[in-house]
$ cat my_file17.txt   # compact mmCIF, C-alpha atoms and all ligand atoms
# COMPACT_ATOMS: atom_id res chain seq x y z
CA MET A 1 -57.95 73.15 -34.03
CA SER A 2 -54.62 71.93 -32.88
CA VAL A 3 -52.32 69.68 -34.85
CA THR A 4 -50.72 68.60 -31.58
CA SER A 5 -53.83 66.90 -30.28
CA SER A 6 -53.06 63.42 -29.06
CA ILE A 7 -56.59 62.28 -29.54
CA LYS A 8 -57.47 59.25 -31.61
CA SER A 9 -59.80 61.30 -33.71
CA ARG A 10 -62.50 60.61 -36.24
CA ALA A 11 -61.32 63.75 -37.97
CA SER A 12 -59.07 63.73 -41.02
CA VAL A 13 -55.33 63.81 -40.44
CA ALA A 14 -52.71 65.94 -42.20
CA THR A 15 -49.94 64.02 -43.95
CA VAL A 16 -47.13 66.48 -43.17
CA PRO A 17 -45.43 65.88 -39.78
CA ASP A 18 -46.47 68.42 -37.14
CA ALA A 19 -42.87 69.51 -36.49
CA SER A 20 -42.49 70.96 -39.99
CA PHE A 21 -45.03 73.70 -39.29
CA THR A 22 -43.86 77.04 -37.90
CA MET A 23 -47.37 78.18 -37.13
CA VAL A 24 -50.69 76.50 -36.50
CA ALA A 25 -53.89 78.31 -37.40
CA ALA A 26 -57.42 77.30 -36.47
CA LEU A 27 -60.57 78.20 -38.34
CA ASP A 28 -63.93 77.67 -36.67
CA VAL A 29 -66.67 78.02 -39.24
CA GLY A 30 -69.80 77.82 -37.11
CA THR A 31 -73.47 78.10 -37.94
CA ALA A 32 -73.88 81.25 -35.89
CA TYR A 33 -70.37 82.65 -35.50
CA SER A 34 -66.99 82.06 -37.15
CA GLY A 35 -63.49 82.92 -36.07
CA TYR A 36 -59.82 82.12 -36.18
CA ALA A 37 -56.86 81.73 -33.87
CA TYR A 38 -53.16 80.94 -34.29
CA ALA A 39 -50.11 79.98 -32.31
CA TYR A 40 -46.41 79.74 -33.09
CA ARG A 41 -44.98 76.24 -33.07
CA LYS A 42 -41.85 77.33 -31.17
CA GLU A 43 -43.90 78.94 -28.40
CA MET A 44 -46.14 75.87 -28.20
CA ASP A 45 -43.07 73.62 -27.87
CA GLU A 46 -41.78 75.85 -25.09
CA GLY A 47 -45.10 75.35 -23.28
CA MET A 48 -46.20 78.96 -23.69
CA ASP A 49 -49.92 79.50 -23.39
CA ASN A 50 -50.07 81.90 -26.27
CA VAL A 51 -52.95 81.18 -28.61
CA ILE A 52 -53.78 84.43 -30.36
CA VAL A 53 -57.39 85.15 -31.29
CA ASN A 54 -58.51 88.05 -33.43
CA ASN A 55 -59.17 91.38 -31.69
CA PRO A 56 -62.89 91.44 -30.94
CA TRP A 57 -65.10 92.25 -33.91
CA SER A 58 -67.76 94.94 -33.45
CA SER A 59 -71.15 95.43 -35.02
CA ALA A 60 -71.56 98.66 -37.04
CA ASP A 61 -73.41 100.41 -34.18
CA LYS A 62 -70.74 99.16 -31.71
CA SER A 63 -73.49 97.62 -29.56
CA THR A 64 -72.02 94.11 -29.87
CA THR A 65 -68.43 92.97 -29.57
CA THR A 66 -67.44 89.33 -30.03
CA TYR A 67 -64.30 87.21 -30.57
CA LYS A 68 -66.03 85.45 -33.44
CA THR A 69 -67.95 87.26 -36.15
CA PRO A 70 -71.49 86.32 -37.29
CA THR A 71 -71.57 83.68 -40.03
CA GLN A 72 -73.11 86.04 -42.59
CA LEU A 73 -71.98 86.32 -46.19
CA LEU A 74 -72.71 88.99 -48.76
CA LEU A 75 -72.18 88.26 -52.47
CA ASN A 76 -72.61 90.89 -55.17
CA GLU A 77 -74.86 90.57 -58.20
CA LYS A 78 -72.14 88.59 -59.99
CA ARG A 79 -72.14 86.20 -57.01
CA GLU A 80 -68.67 87.38 -56.03
CA PHE A 81 -67.52 87.86 -52.46
CA GLU A 82 -68.38 91.26 -50.98
CA ALA A 83 -68.17 90.94 -47.22
CA PHE A 84 -68.39 88.56 -44.27
CA GLY A 85 -69.54 88.89 -40.65
CA TYR A 86 -70.49 92.23 -39.13
CA GLU A 87 -69.16 93.92 -42.29
CA ALA A 88 -71.67 91.94 -44.40
CA GLN A 89 -74.44 93.02 -42.01
CA LYS A 90 -73.42 96.67 -42.35
CA ARG A 91 -72.99 96.59 -46.15
CA TYR A 92 -76.33 94.84 -46.62
CA ALA A 93 -78.06 97.52 -44.50
CA GLU A 94 -76.42 100.23 -46.65
CA LEU A 95 -77.49 98.51 -49.88
CA HIS A 96 -81.00 98.21 -48.45
CA GLN A 97 -81.11 101.94 -47.72
CA GLN A 98 -80.07 102.64 -51.31
CA GLY A 99 -82.68 100.17 -52.61
CA ARG A 100 -79.94 98.01 -54.17
CA HIS A 101 -80.22 95.00 -51.86
CA GLU A 102 -82.36 92.85 -54.15
CA ARG A 103 -79.52 92.45 -56.60
CA CYS A 104 -77.14 90.93 -54.05
CA PHE A 105 -77.10 87.63 -52.13
CA TYR A 106 -77.11 87.71 -48.34
CA PHE A 107 -76.75 84.44 -46.40
CA LYS A 108 -77.04 84.04 -42.62
CA LYS A 109 -76.47 81.15 -40.26
CA PHE A 110 -75.48 78.56 -42.83
CA ARG A 111 -73.43 75.41 -42.58
CA SER A 112 -70.50 75.43 -44.93
CA LYS A 113 -68.62 72.79 -46.84
CA ILE A 114 -64.90 73.13 -46.25
CA ALA A 115 -63.16 73.65 -49.63
CA SER A 116 -59.54 73.95 -48.59
CA GLY A 117 -58.11 73.94 -52.12
CA GLN A 118 -60.25 76.88 -53.19
CA ALA A 119 -59.25 78.74 -50.04
CA GLY A 120 -55.57 78.23 -50.87
CA ILE A 121 -54.90 75.83 -47.98
CA PRO A 122 -52.86 72.84 -49.17
CA GLY A 123 -54.68 69.61 -48.31
CA GLU A 124 -51.61 68.10 -46.66
CA ALA A 125 -51.52 70.96 -44.15
CA LEU A 126 -55.16 70.75 -43.20
CA ARG A 127 -56.83 68.84 -40.42
CA LEU A 128 -60.53 68.74 -39.93
CA ALA A 129 -61.60 68.15 -36.37
CA LEU A 130 -64.86 67.53 -34.63
CA GLU A 131 -65.64 70.44 -32.33
CA SER A 132 -66.42 68.40 -29.24
CA GLU A 133 -63.21 66.38 -29.68
CA VAL A 134 -60.94 69.43 -29.79
CA ALA A 135 -62.91 70.96 -26.93
CA SER A 136 -62.08 67.85 -24.89
CA VAL A 137 -58.36 68.37 -25.60
CA TYR A 138 -58.76 72.05 -24.65
CA CYS A 139 -60.24 71.06 -21.29
CA GLN A 140 -57.38 68.60 -20.68
CA ASN A 141 -54.84 71.40 -21.27
CA MET A 142 -56.68 74.21 -19.46
CA LYS A 143 -54.40 76.20 -17.17
CA GLY A 144 -55.28 77.68 -13.80
CA VAL A 145 -58.14 75.34 -12.96
CA GLY A 146 -56.19 72.96 -10.75
CA LYS A 147 -56.50 69.20 -11.07
CA LEU A 148 -59.87 68.03 -12.27
CA PRO A 149 -61.14 64.43 -12.26
CA ILE A 150 -60.96 64.50 -16.09
CA HIS A 151 -57.16 64.67 -15.75
CA SER A 152 -57.02 61.35 -13.87
CA PRO A 153 -56.22 58.23 -15.91
CA GLY A 154 -59.29 56.06 -16.32
CA CYS A 155 -61.77 58.93 -15.99
CA THR A 156 -64.56 58.76 -18.56
CA TYR A 157 -66.43 61.96 -19.31
CA VAL A 158 -68.87 63.45 -21.81
CA VAL A 159 -68.23 66.63 -23.77
CA ALA A 160 -71.17 68.47 -25.32
CA ASP A 161 -70.57 71.39 -27.69
CA ILE A 162 -73.76 73.44 -27.77
CA GLY A 163 -73.40 75.93 -30.59
CA GLY A 164 -75.68 77.98 -32.77
CA GLY A 165 -77.21 75.21 -34.82
CA ILE A 166 -76.11 71.84 -33.48
CA THR A 167 -75.04 70.00 -30.37
CA ASP A 168 -72.12 67.62 -30.76
CA ILE A 169 -71.43 65.04 -28.07
CA VAL A 170 -68.45 62.75 -27.45
CA LEU A 171 -67.57 60.24 -24.74
CA HIS A 172 -63.87 60.21 -23.87
CA GLN A 173 -61.59 58.41 -21.48
CA LYS A 174 -58.26 59.71 -20.23
CA ARG A 175 -55.68 56.95 -20.72
CA THR A 176 -52.67 56.20 -18.57
CA ASP A 177 -50.34 57.38 -21.39
CA GLY A 178 -52.06 60.78 -21.33
CA ARG A 179 -53.92 60.27 -24.61
CA LEU A 180 -57.68 60.36 -24.97
CA LYS A 181 -59.72 57.40 -26.07
CA GLU A 182 -63.00 57.73 -27.87
CA MET A 183 -65.39 55.43 -25.99
CA ASN A 184 -68.28 55.44 -28.41
CA LYS A 185 -69.45 57.14 -31.58
CA GLY A 186 -70.88 59.99 -29.54
CA GLY A 187 -74.00 61.67 -30.68
CA GLY A 188 -75.64 64.96 -31.27
CA CYS A 189 -78.72 66.73 -32.49
CA LEU A 190 -79.72 69.63 -34.66
CA VAL A 191 -80.47 71.78 -31.66
CA GLY A 192 -78.59 74.89 -30.60
CA SER A 193 -79.19 78.48 -29.73
CA SER A 194 -81.12 79.15 -32.95
CA HIS A 195 -83.91 77.13 -31.30
CA VAL A 196 -84.07 79.71 -28.54
CA GLU A 197 -84.41 82.41 -31.18
CA ASN A 198 -87.15 80.39 -32.92
CA SER A 199 -89.06 80.14 -29.63
CA PHE A 200 -88.90 83.93 -29.37
CA LEU A 201 -90.29 84.28 -32.90
CA GLN A 202 -93.07 81.80 -32.05
CA PHE A 203 -93.87 83.96 -29.04
CA LEU A 204 -94.23 87.00 -31.34
CA VAL A 205 -96.50 84.90 -33.58
CA ARG A 206 -98.73 84.03 -30.61
CA ILE A 207 -99.06 87.70 -29.73
CA PHE A 208 -99.25 89.42 -33.09
CA GLY A 209 -100.47 86.56 -35.29
CA ALA A 210 -98.70 84.51 -37.95
CA PRO A 211 -99.72 86.67 -40.96
CA ALA A 212 -98.33 89.87 -39.36
CA VAL A 213 -95.06 88.26 -38.24
CA ARG A 214 -94.64 86.50 -41.61
CA GLU A 215 -95.13 89.78 -43.48
CA PHE A 216 -92.68 91.50 -41.14
CA LEU A 217 -90.05 88.77 -41.71
CA ASP A 218 -90.54 88.94 -45.48
CA GLU A 219 -90.77 92.70 -45.95
CA CYS A 220 -88.60 94.32 -43.30
CA GLN A 221 -85.26 92.49 -43.44
CA ILE A 222 -83.22 95.27 -41.81
CA GLU A 223 -85.64 95.61 -38.91
CA VAL A 224 -85.70 91.81 -38.56
CA ILE A 225 -81.90 91.89 -38.20
CA ASP A 226 -82.32 94.62 -35.60
CA ILE A 227 -84.94 92.86 -33.46
CA LEU A 228 -82.96 89.60 -33.56
CA LYS A 229 -79.82 91.49 -32.57
CA GLN A 230 -81.70 92.98 -29.63
CA PHE A 231 -82.92 89.52 -28.64
CA GLU A 232 -79.40 88.07 -29.00
CA MET A 233 -77.99 90.70 -26.64
CA ALA A 234 -80.84 90.34 -24.15
CA LYS A 235 -80.56 86.54 -24.24
CA LYS A 236 -76.81 86.61 -23.63
CA GLY A 237 -77.31 88.97 -20.69
CA MET A 238 -79.89 86.75 -18.97
CA ILE A 239 -78.94 85.06 -15.72
CA SER A 240 -80.72 82.25 -13.83
CA ASP A 241 -82.03 84.28 -10.94
CA GLN A 242 -82.99 87.25 -13.06
CA ALA A 243 -86.17 89.02 -12.00
CA LYS A 244 -86.10 91.91 -14.48
CA PRO A 245 -88.19 91.42 -17.62
CA LEU A 246 -86.47 91.25 -21.00
CA SER A 247 -87.07 94.46 -22.96
CA ILE A 248 -87.22 94.40 -26.75
CA GLY A 249 -87.94 97.50 -28.84
CA ILE A 250 -90.69 96.87 -31.37
CA PRO A 251 -89.58 97.96 -34.87
CA VAL A 252 -91.72 100.51 -36.70
CA GLY A 253 -92.31 97.99 -39.51
CA LEU A 254 -93.83 95.39 -37.19
CA GLU A 255 -96.04 98.02 -35.56
CA ARG A 256 -97.23 99.29 -38.95
CA ILE A 257 -98.05 95.77 -40.20
CA CYS A 258 -99.85 94.82 -36.95
CA ARG A 259 -101.97 97.99 -37.02
CA LYS A 260 -102.84 97.36 -40.68
CA LYS A 261 -103.94 93.82 -39.89
CA ASN A 262 -105.91 94.87 -36.79
CA HIS A 263 -107.95 97.83 -38.10
CA GLY A 264 -105.53 100.42 -36.70
CA GLU A 265 -105.68 99.01 -33.20
CA ASP A 266 -102.93 100.01 -30.79
CA LEU A 267 -100.21 97.41 -30.26
CA SER A 268 -100.57 97.57 -26.48
CA VAL A 269 -104.23 96.51 -26.88
CA ILE A 270 -103.18 93.56 -29.06
CA VAL A 271 -100.68 92.47 -26.39
CA GLN A 272 -103.32 92.84 -23.67
CA ARG A 273 -105.73 90.67 -25.65
CA SER A 274 -103.16 87.91 -26.21
CA MET A 275 -102.54 84.75 -24.15
CA TYR A 276 -99.54 86.59 -22.64
CA ARG A 277 -101.57 89.45 -21.15
CA ASP A 278 -100.13 88.76 -17.67
CA LYS A 279 -96.61 88.06 -18.86
CA ALA A 280 -95.93 90.75 -21.45
CA LYS A 281 -96.51 94.48 -21.54
CA LEU A 282 -95.98 97.08 -24.22
CA ALA A 283 -94.86 100.54 -23.15
CA ASP A 284 -93.17 103.22 -25.27
CA ASN A 285 -92.87 100.80 -28.19
CA THR A 286 -90.90 98.39 -26.01
CA LEU A 287 -92.13 94.90 -25.23
CA HIS A 288 -91.35 93.87 -21.66
CA ILE A 289 -91.34 90.07 -21.39
CA ASP A 290 -91.63 88.32 -18.03
CA VAL A 291 -88.60 86.15 -17.22
CA THR A 292 -90.74 83.03 -16.82
CA ILE A 293 -91.54 83.29 -20.54
CA CYS A 294 -87.89 83.96 -21.40
CA ARG A 295 -86.85 80.83 -19.52
CA GLU A 296 -89.38 78.88 -21.58
CA PHE A 297 -87.54 80.05 -24.72
CA PHE A 298 -84.55 78.03 -23.47
CA ASN A 299 -86.54 75.09 -22.16
CA SER A 300 -87.41 73.02 -25.20
CA ALA A 301 -83.88 73.34 -26.68
CA CYS A 302 -82.30 72.31 -23.37
CA LEU A 303 -84.65 69.35 -22.84
CA GLU A 304 -83.79 68.08 -26.31
CA ILE A 305 -80.04 68.49 -25.65
CA ALA A 306 -80.38 66.70 -22.28
CA LYS A 307 -82.15 63.82 -24.05
CA CYS A 308 -79.25 63.52 -26.52
CA ILE A 309 -76.68 63.50 -23.71
CA ARG A 310 -78.72 60.82 -21.88
CA ASN A 311 -78.68 58.69 -25.04
CA VAL A 312 -74.88 58.85 -25.17
CA LEU A 313 -74.77 57.92 -21.47
CA LEU A 314 -76.81 54.77 -22.15
CA ASP A 315 -73.72 53.17 -23.73
CA HIS A 316 -72.16 50.46 -21.55
CA ASN A 317 -68.82 52.33 -21.80
CA ALA A 318 -70.47 55.27 -20.01
CA LYS A 319 -71.39 53.26 -16.90
CA GLU A 320 -68.78 55.03 -14.77
CA CYS A 321 -69.26 58.45 -16.34
CA THR A 322 -70.10 61.14 -13.78
CA MET A 323 -68.74 64.26 -15.49
CA LEU A 324 -70.01 66.46 -18.24
CA ILE A 325 -68.05 69.24 -19.94
CA LEU A 326 -70.12 71.90 -21.66
CA VAL A 327 -68.61 74.07 -24.38
CA GLY A 328 -69.95 76.22 -27.25
CA GLY A 329 -71.65 79.58 -26.98
CA MET A 330 -74.81 78.36 -25.30
CA ALA A 331 -72.76 76.77 -22.51
CA SER A 332 -72.11 80.32 -21.18
CA SER A 333 -75.73 80.62 -20.22
CA THR A 334 -76.40 79.94 -16.53
CA ILE A 335 -79.99 79.17 -17.50
CA VAL A 336 -78.78 76.41 -19.84
CA GLN A 337 -76.39 75.12 -17.19
CA ASP A 338 -79.20 75.00 -14.60
CA ILE A 339 -81.68 73.17 -16.84
CA LEU A 340 -79.07 70.60 -17.88
CA LYS A 341 -77.96 70.13 -14.27
CA GLN A 342 -81.53 69.53 -13.19
CA GLU A 343 -82.27 67.16 -16.08
CA LEU A 344 -79.06 65.15 -15.87
CA GLU A 345 -78.25 64.97 -12.19
CA SER A 346 -81.66 63.51 -11.40
CA LYS A 347 -81.87 61.08 -14.35
CA THR A 348 -78.24 59.96 -14.91
CA LYS A 349 -75.03 59.39 -12.95
CA ILE A 350 -73.71 62.84 -13.87
CA GLN A 351 -72.61 64.58 -10.68
CA ARG A 352 -70.52 67.41 -11.98
CA ILE A 353 -70.79 69.80 -14.91
CA ILE A 354 -67.67 71.74 -15.95
CA VAL A 355 -67.87 74.84 -18.13
CA PRO A 356 -64.42 76.16 -19.14
CA PRO A 357 -63.83 79.91 -19.34
CA GLU A 358 -64.92 81.35 -22.73
CA PRO A 359 -66.66 78.10 -23.76
CA GLU A 360 -67.41 79.45 -27.26
CA LEU A 361 -63.65 79.69 -27.88
CA ALA A 362 -62.81 76.18 -26.62
CA VAL A 363 -62.72 74.90 -30.20
CA LEU A 364 -60.33 77.63 -31.36
CA LYS A 365 -57.98 77.94 -28.42
CA VAL A 366 -57.01 74.30 -28.13
CA LYS A 367 -53.28 73.50 -28.23
N1 LIG B 401 -74.67 83.75 -22.52
C1 LIG B 401 -75.31 83.18 -23.53
N2 LIG B 401 -76.58 82.78 -23.35
C2 LIG B 401 -77.25 82.18 -24.36
N3 LIG B 401 -76.75 81.96 -25.58
C3 LIG B 401 -75.49 82.36 -25.80
C4 LIG B 401 -74.70 82.99 -24.80
N4 LIG B 401 -73.49 83.28 -25.33
C5 LIG B 401 -73.53 82.84 -26.62
N5 LIG B 401 -74.72 82.30 -26.90
C6 LIG B 401 -75.18 81.74 -28.16
O1 LIG B 401 -74.22 80.84 -28.66
C7 LIG B 401 -74.26 80.83 -30.08
C8 LIG B 401 -72.88 80.83 -30.63
O2 LIG B 401 -72.19 79.71 -30.12
P1 LIG B 401 -71.00 79.08 -30.95
O3 LIG B 401 -70.05 80.16 -31.31
O4 LIG B 401 -70.49 77.94 -30.17
O5 LIG B 401 -71.83 78.59 -32.21
P2 LIG B 401 -71.31 78.09 -33.63
O6 LIG B 401 -69.95 77.52 -33.46
O7 LIG B 401 -71.50 79.18 -34.61
O8 LIG B 401 -72.40 76.98 -33.96
P3 LIG B 401 -72.25 75.44 -34.43
O9 LIG B 401 -71.06 74.88 -33.71
O10 LIG B 401 -73.54 74.82 -34.00
O11 LIG B 401 -72.11 75.47 -35.90
C9 LIG B 401 -74.96 82.12 -30.52
O12 LIG B 401 -76.13 81.77 -31.24
C10 LIG B 401 -75.28 82.83 -29.22
O13 LIG B 401 -76.57 83.35 -29.22
MG MG B 402 -69.25 75.69 -33.16

$ encode --input "my_file17.txt" --output "structure tokens" --more "lines below"
Ligand SMILES: Nc1ncnc2c1ncn2[C@@H]1O[C@H](COP(=O)(O)OP(=O)(O)OP(=O)(O)O)[C@@H](O)[C@H]1O
Ligand SMILES: [Mg+2]
Amino acid sequence: MSVTSSIKSRASVATVPDASFTMVAALDVGTAYSGYAYAYRKEMDEGMDNVIVNNPWSSADKSTTTYKTPTQLLLNEKREFEAFGYEAQKRYAELHQQGRHERCFYFKKFRSKIASGQAGIPGEALRLALESEVASVYCQNMKGVGKLPIHSPGCTYVVADIGGGITDIVLHQKRTDGRLKEMNKGGGCLVGSSHVENSFLQFLVRIFGAPAVREFLDECQIEVIDILKQFEMAKKGMISDQAKPLSIGIPVGLERICRKKNHGEDLSVIVQRSMYRDKAKLADNTLHIDVTICREFFNSACLEIAKCIRNVLLDHNAKECTMLILVGGMASSTIVQDILKQELESKTKIQRIIVPPEPELAVLKVK
């Protein structure tokens, strides 16, 4: 989050003048992923585009690499900090293997209260900013994209930050003096990519039954992390015109529980008997899911997000608004972009949707 933002923000404002800082650091504590970035004041003043983000973090098995690390926290039995992010994931798996996991506290995908004092950040040096607001400033300052209508004085546009747990929406106008004006209170909803994950879990429930899936979720935490990691990777790799099914390896624990609950019946038979018999197939312990079903995982979340954006567009200040900027991790998805385009271009005045490069970093890389 930049301290140079010219926006008239709802966020809190630091009391120390910007010029007295030699460095500006940004912390993005998200529901799904968290990260940091920093830039040197001198370089910013010289117009250098040099916001430094952390080297990508990797999961223990090196299968996933991301610029933000999962919002996962491990506390020891004394409730003291042990690890955060991929490291917490790895340490929890190790403790599980040693049978010591029940004594520690492992939190995933949580929303945090910012306690700057406890973190050693002096209050006068801290600014809290709304993600969609800083993302709007980021889009104004983006290099290498040429002139966009959002750069023209008088242009009113919507910014939606679709993250892991929530969607934040603001309506901004570019003023003649270059500043941004907040045109209404914006909006938002508690919908993000965790809804897509929930739809996948519901799909498993419809195939294998609620008691089996519930037992699996309760009893096999490490395998739950693994199947959700597989889904996360598969989901991120999905493109709009994909024809190939999504393949998810079924963990041994889920297979064991399903067999137990179905008199030893083979999992492939259970899949064949389910409502998804034509859309899902089990082979070599891997569930192959037809893309039409995978698109449905995105559908209800995207329809809800589109409804929220439409509500913001109902404001009389949004009468001339034809542009939408999408940021946040979910904005990378071409499936999400397509659904929102379809929903908004037919039902509102929105004619153009802009997704900046690396939309999940828009909040961190703003200057
Ligand atoms: N290509 C993609 N397709 C679908 N989802 C994606 C893609 N890339 C990232 N995501 C999802 O975006 C989410 C992370 O986005 P982001 O980093 O903006 O969330 P966050 O800041 O943690 O959440 P919030 O702002 O709601 O607290 C992850 O849950 C991830 O699954
Ligand atoms: Mg976020």

$ closest_atom_pairs --input "my_file17.txt" --of "segment 94-132 of chain A" --to "segment 74-82 of chain A" --cutoff "12 Å" --atoms "all atoms listed in the file" --output "CSV"
residue,atom,partner,partner_atom,distance
A:Leu95,CA,A:Asn76,CA,10.5
A:Arg100,CA,A:Glu77,CA,9.9
A:His101,CA,A:Asn76,CA,9.3
A:Glu102,CA,A:Glu77,CA,8.8
A:Arg103,CA,A:Glu77,CA,5.3
A:Cys104,CA,A:Asn76,CA,4.7
A:Phe105,CA,A:Leu75,CA,5.0
A:Tyr106,CA,A:Leu74,CA,4.6
A:Phe107,CA,A:Leu74,CA,6.5
A:Lys108,CA,A:Leu74,CA,9.0

$ closest_residue --input "my_file17.txt" --among "A:Val327, A:Val252, A:Leu171, A:Ile353" --to "Ile222 of chain A" --atoms "all atoms listed in the file"
A:Val252

$ closest_atom_pairs --input "my_file17.txt" --of "chain A" --to "ligand LIG 401 (chain B)" --cutoff "8 Å" --atoms "all atoms listed in the file" --output "JSON lines"
{"residue": "A:Asp28", "atom": "CA", "partner": "B:LIG401", "partner_atom": "O6", "distance": 6.8}
{"residue": "A:Val29", "atom": "CA", "partner": "B:LIG401", "partner_atom": "O6", "distance": 6.7}
{"residue": "A:Gly30", "atom": "CA", "partner": "B:LIG401", "partner_atom": "O7", "distance": 3.3}
{"residue": "A:Thr31", "atom": "CA", "partner": "B:LIG401", "partner_atom": "O11", "distance": 3.6}
{"residue": "A:Ala32", "atom": "CA", "partner": "B:LIG401", "partner_atom": "O7", "distance": 3.4}
{"residue": "A:Tyr33", "atom": "CA", "partner": "B:LIG401", "partner_atom": "O7", "distance": 3.8}
{"residue": "A:Ser34", "atom": "CA", "partner": "B:LIG401", "partner_atom": "O7", "distance": 5.9}
{"residue": "A:Lys68", "atom": "CA", "partner": "B:LIG401", "partner_atom": "O3", "distance": 7.0}
{"residue": "A:Pro70", "atom": "CA", "partner": "B:LIG401", "partner_atom": "O7", "distance": 7.6}
{"residue": "A:Thr71", "atom": "CA", "partner": "B:LIG401", "partner_atom": "O7", "distance": 7.0}
{"residue": "A:Lys109", "atom": "CA", "partner": "B:LIG401", "partner_atom": "O7", "distance": 7.8}
{"residue": "A:Arg111", "atom": "CA", "partner": "B:LIG401", "partner_atom": "O11", "distance": 6.8}
{"residue": "A:Glu131", "atom": "CA", "partner": "B:LIG401", "partner_atom": "O9", "distance": 7.1}
{"residue": "A:Asp161", "atom": "CA", "partner": "B:LIG401", "partner_atom": "O9", "distance": 7.0}
{"residue": "A:Ile162", "atom": "CA", "partner": "B:LIG401", "partner_atom": "O4", "distance": 6.1}
{"residue": "A:Gly163", "atom": "CA", "partner": "B:LIG401", "partner_atom": "O5", "distance": 3.5}
{"residue": "A:Gly164", "atom": "CA", "partner": "B:LIG401", "partner_atom": "O8", "distance": 3.6}
{"residue": "A:Gly165", "atom": "CA", "partner": "B:LIG401", "partner_atom": "O10", "distance": 3.8}
{"residue": "A:Ile166", "atom": "CA", "partner": "B:LIG401", "partner_atom": "O10", "distance": 4.0}
{"residue": "A:Thr167", "atom": "CA", "partner": "B:LIG401", "partner_atom": "O10", "distance": 6.2}
{"residue": "A:Asp168", "atom": "CA", "partner": "B:LIG401", "partner_atom": "O9", "distance": 7.9}
{"residue": "A:Val191", "atom": "CA", "partner": "B:LIG401", "partner_atom": "O10", "distance": 7.9}
{"residue": "A:Gly192", "atom": "CA", "partner": "B:LIG401", "partner_atom": "O10", "distance": 6.1}
{"residue": "A:Ser193", "atom": "CA", "partner": "B:LIG401", "partner_atom": "O12", "distance": 4.7}
{"residue": "A:Ser194", "atom": "CA", "partner": "B:LIG401", "partner_atom": "O12", "distance": 5.9}
{"residue": "A:Glu232", "atom": "CA", "partner": "B:LIG401", "partner_atom": "O13", "distance": 5.5}
{"residue": "A:Met233", "atom": "CA", "partner": "B:LIG401", "partner_atom": "O13", "distance": 7.9}
{"residue": "A:Lys235", "atom": "CA", "partner": "B:LIG401", "partner_atom": "C2", "distance": 5.5}
{"residue": "A:Lys236", "atom": "CA", "partner": "B:LIG401", "partner_atom": "N1", "distance": 3.7}
{"residue": "A:Gly237", "atom": "CA", "partner": "B:LIG401", "partner_atom": "N1", "distance": 6.1}
{"residue": "A:Met238", "atom": "CA", "partner": "B:LIG401", "partner_atom": "N2", "distance": 6.8}
{"residue": "A:Val327", "atom": "CA", "partner": "B:LIG401", "partner_atom": "O4", "distance": 7.2}
{"residue": "A:Gly328", "atom": "CA", "partner": "B:LIG401", "partner_atom": "O4", "distance": 3.4}
{"residue": "A:Gly329", "atom": "CA", "partner": "B:LIG401", "partner_atom": "O2", "distance": 3.2}
{"residue": "A:Met330", "atom": "CA", "partner": "B:LIG401", "partner_atom": "C3", "distance": 4.1}
{"residue": "A:Ala331", "atom": "CA", "partner": "B:LIG401", "partner_atom": "C4", "distance": 6.9}
{"residue": "A:Ser332", "atom": "CA", "partner": "B:LIG401", "partner_atom": "N1", "distance": 4.5}
{"residue": "A:Ser333", "atom": "CA", "partner": "B:LIG401", "partner_atom": "N2", "distance": 3.9}
{"residue": "A:Thr334", "atom": "CA", "partner": "B:LIG401", "partner_atom": "N1", "distance": 7.3}
{"residue": "A:Ile335", "atom": "CA", "partner": "B:LIG401", "partner_atom": "N2", "distance": 7.7}
{"residue": "A:Val336", "atom": "CA", "partner": "B:LIG401", "partner_atom": "C2", "distance": 7.5}
{"residue": "A:Pro359", "atom": "CA", "partner": "B:LIG401", "partner_atom": "O4", "distance": 7.5}
{"residue": "A:Glu360", "atom": "CA", "partner": "B:LIG401", "partner_atom": "O4", "distance": 4.5}
{"residue": "A:Leu361", "atom": "CA", "partner": "B:LIG401", "partner_atom": "O3", "distance": 7.3}

$ residues_around --input "my_file17.txt" --residues "Ala83 of chain A" --least-positions-apart "4" --cutoff "7 Å" --atoms "all atoms listed in the file" --output "PyMOL selection string"
chain A and resi 73-74+87-88

$ closest_residue --input "my_file17.txt" --among "A:Pro211, A:Pro56, A:Gly249, A:Gly117" --to "Val224 of chain A" --atoms "all atoms listed in the file"
A:Gly249

$ residues_around --input "my_file17.txt" --residues "Asp45 of chain A" --least-positions-apart "2" --cutoff "12 Å" --atoms "only C-alpha atoms" --output "VMD selection string"
chain A and resid 4 18 to 19 21 to 24 39 to 43 47 to 50 367

$ atom_distance --input "my_file17.txt" --atom1 "atom CA of Lys143 of chain A" --atom2 "atom CA of Pro357 of chain A"
10.4 Å

$ residues_around --input "my_file17.txt" --residues "segment 144-155 of chain A" --least-positions-apart "4" --cutoff "7 Å" --atoms "only C-alpha atoms" --output "list in words"
Gln140, Gln173, Lys174, Arg175 and Thr176 of chain A

$ closest_residue --input "my_file17.txt" --among "A:Val159, A:Ile114, A:Ile325, A:Val363" --to "ligand MG 402 (chain B)" --atoms "all atoms listed in the file"
A:Val363

$ atom_distance --input "my_file17.txt" --atom1 "atom CA of Thr348 of chain A" --atom2 "atom CA of Cys302 of chain A"
15.5 Å

$ closest_residue --input "my_file17.txt" --among "A:Thr156, A:Ser112, A:Ser132, A:Gln98" --to "ligand MG 402 (chain B)" --atoms "only C-alpha atoms and all ligand atoms"
A:Ser132

$ atom_distance --input "my_file17.txt" --atom1 "atom CA of Ser136 of chain A" --atom2 "atom CA of Ala119 of chain A"
27.6 Å
